[in-house]
Amino acid sequence: MHARVATFELADQSKLDDEIDEMRRQSAEGPTEGIPAKEFLMLVDRDGGKVMAVMLFETEDDLRKGDETMNAMSPSAGGAMGRRTSVEMFEVPLHMG
């Protein structure tokens, strides 16, 4: 398993819950085309003004495809997620759930 971890600086905390609700609505419609992720986690540090988006992929090839698709997307104008500060890729040798 492999993980893509993107970190964002919160732009507008007052809009964060609305953005989370929108992401929940979109995820209920099914996976985003071009992102073959098996799992998605959103970690929020409201006090620190940071969000981490973690996507888990079954294979390294799926990770590359998902990363390419995510990098081609533009953050929503005026969205709460703000500026992406980093993207990192990891191998996941242990996953307990």
# chains A, B, ... in the order shown; residues from 1 in each chain; ligands from 1
call {"tool": "residues_around", "arguments": {"residues": "Phe90 of chain A", "least_positions_apart": "4", "cutoff": "10 Å", "atoms": "only C-alpha atoms", "output": "ChimeraX atom specification"}}
result
/A:1-5,56,60,63
call {"tool": "select_by_dssp", "arguments": {"residues": "chain A", "states": "strand (DSSP E)", "output": "number ranges by chain"}}
result
A: 2-9, 39-45, 50-57, 83-91
call {"tool": "select_by_dssp", "arguments": {"residues": "chain A", "states": "alpha helix (DSSP H)", "output": "count of residues only"}}
result
26
call {"tool": "atom_distance", "arguments": {"atom1": "atom CA of Pro93 of chain A", "atom2": "atom CA of Met23 of chain A"}}
result
27.9 Å
call {"tool": "residues_around", "arguments": {"residues": "Ser27 of chain A", "least_positions_apart": "4", "cutoff": "12 Å", "atoms": "only C-alpha atoms", "output": "PyMOL selection string"}}
result
chain A and resi 20-23+31-33+35+37+39-41
call {"tool": "write_last_selection", "arguments": {"atoms": "N, CA, C and O atoms", "output": "CSV table (one decimal), in the first residue's frame"}}
result
chain,number,residue,atom,x,y,z
A,20,ILE,N,-15.9,20.8,4.1
A,20,ILE,CA,-15.9,19.4,4.5
A,20,ILE,C,-17.3,18.7,4.1
A,20,ILE,O,-17.3,17.6,3.5
A,21,ASP,N,-18.4,19.5,4.3
A,21,ASP,CA,-19.7,19.0,3.9
A,21,ASP,C,-19.7,18.7,2.4
A,21,ASP,O,-20.3,17.7,2.0
A,22,GLU,N,-19.2,19.6,1.6
A,22,GLU,CA,-19.2,19.5,0.2
A,22,GLU,C,-18.3,18.3,-0.2
A,22,GLU,O,-18.7,17.5,-1.1
A,23,MET,N,-17.2,18.1,0.4
A,23,MET,CA,-16.4,16.9,0.1
A,23,MET,C,-17.1,15.6,0.4
A,23,MET,O,-17.1,14.6,-0.3
A,31,PRO,N,-16.1,7.6,-6.3
A,31,PRO,CA,-14.7,8.0,-6.4
A,31,PRO,C,-14.5,9.0,-7.6
A,31,PRO,O,-15.2,8.9,-8.6
A,32,THR,N,-13.6,10.0,-7.4
A,32,THR,CA,-13.3,10.9,-8.4
A,32,THR,C,-12.5,10.2,-9.6
A,32,THR,O,-11.6,9.4,-9.3
A,33,GLU,N,-12.9,10.5,-10.8
A,33,GLU,CA,-12.3,9.8,-11.9
A,33,GLU,C,-10.8,10.2,-11.9
A,33,GLU,O,-10.4,11.3,-11.7
A,35,ILE,N,-8.6,9.0,-9.8
A,35,ILE,CA,-8.0,8.8,-8.5
A,35,ILE,C,-8.4,7.5,-8.0
A,35,ILE,O,-9.4,7.3,-7.3
A,37,ALA,N,-7.8,5.8,-5.5
A,37,ALA,CA,-7.5,5.6,-4.0
A,37,ALA,C,-8.5,4.6,-3.4
A,37,ALA,O,-9.7,4.5,-3.8
A,39,GLU,N,-8.7,4.5,0.1
A,39,GLU,CA,-9.2,5.2,1.3
A,39,GLU,C,-8.7,6.6,1.3
A,39,GLU,O,-7.8,7.0,0.6
A,40,PHE,N,-9.5,7.5,2.0
A,40,PHE,CA,-9.2,8.9,2.1
A,40,PHE,C,-9.4,9.3,3.6
A,40,PHE,O,-10.4,9.0,4.2
A,41,LEU,N,-8.4,10.0,4.1
A,41,LEU,CA,-8.5,10.6,5.4
A,41,LEU,C,-8.2,12.1,5.4
A,41,LEU,O,-7.3,12.5,4.6
call {"tool": "residues_around", "arguments": {"residues": "Met52 of chain A", "least_positions_apart": "4", "cutoff": "6 Å", "atoms": "only C-alpha atoms", "output": "short mmCIF file (atom, residue, chain, number, x, y, z; two decimals) with C-alpha atoms, in the first residue's frame"}}
result
data_model
loop_
_atom_site.label_atom_id
_atom_site.label_comp_id
_atom_site.auth_asym_id
_atom_site.auth_seq_id
_atom_site.Cartn_x
_atom_site.Cartn_y
_atom_site.Cartn_z
CA ALA A 6 -0.95 16.75 0.96
CA THR A 7 -0.71 19.52 3.55
CA MET A 42 -8.75 14.31 6.22
CA LEU A 43 -6.89 15.48 9.31
#
call {"tool": "closest_residue", "arguments": {"among": "A:Gly49, A:Glu88, A:Gly30, A:Met73", "to": "Ala11 of chain A", "atoms": "only C-alpha atoms"}}
result
A:Gly49
call {"tool": "atom_distance", "arguments": {"atom1": "atom CA of Ala80 of chain A", "atom2": "atom CA of Asp12 of chain A"}}
result
4.6 Å
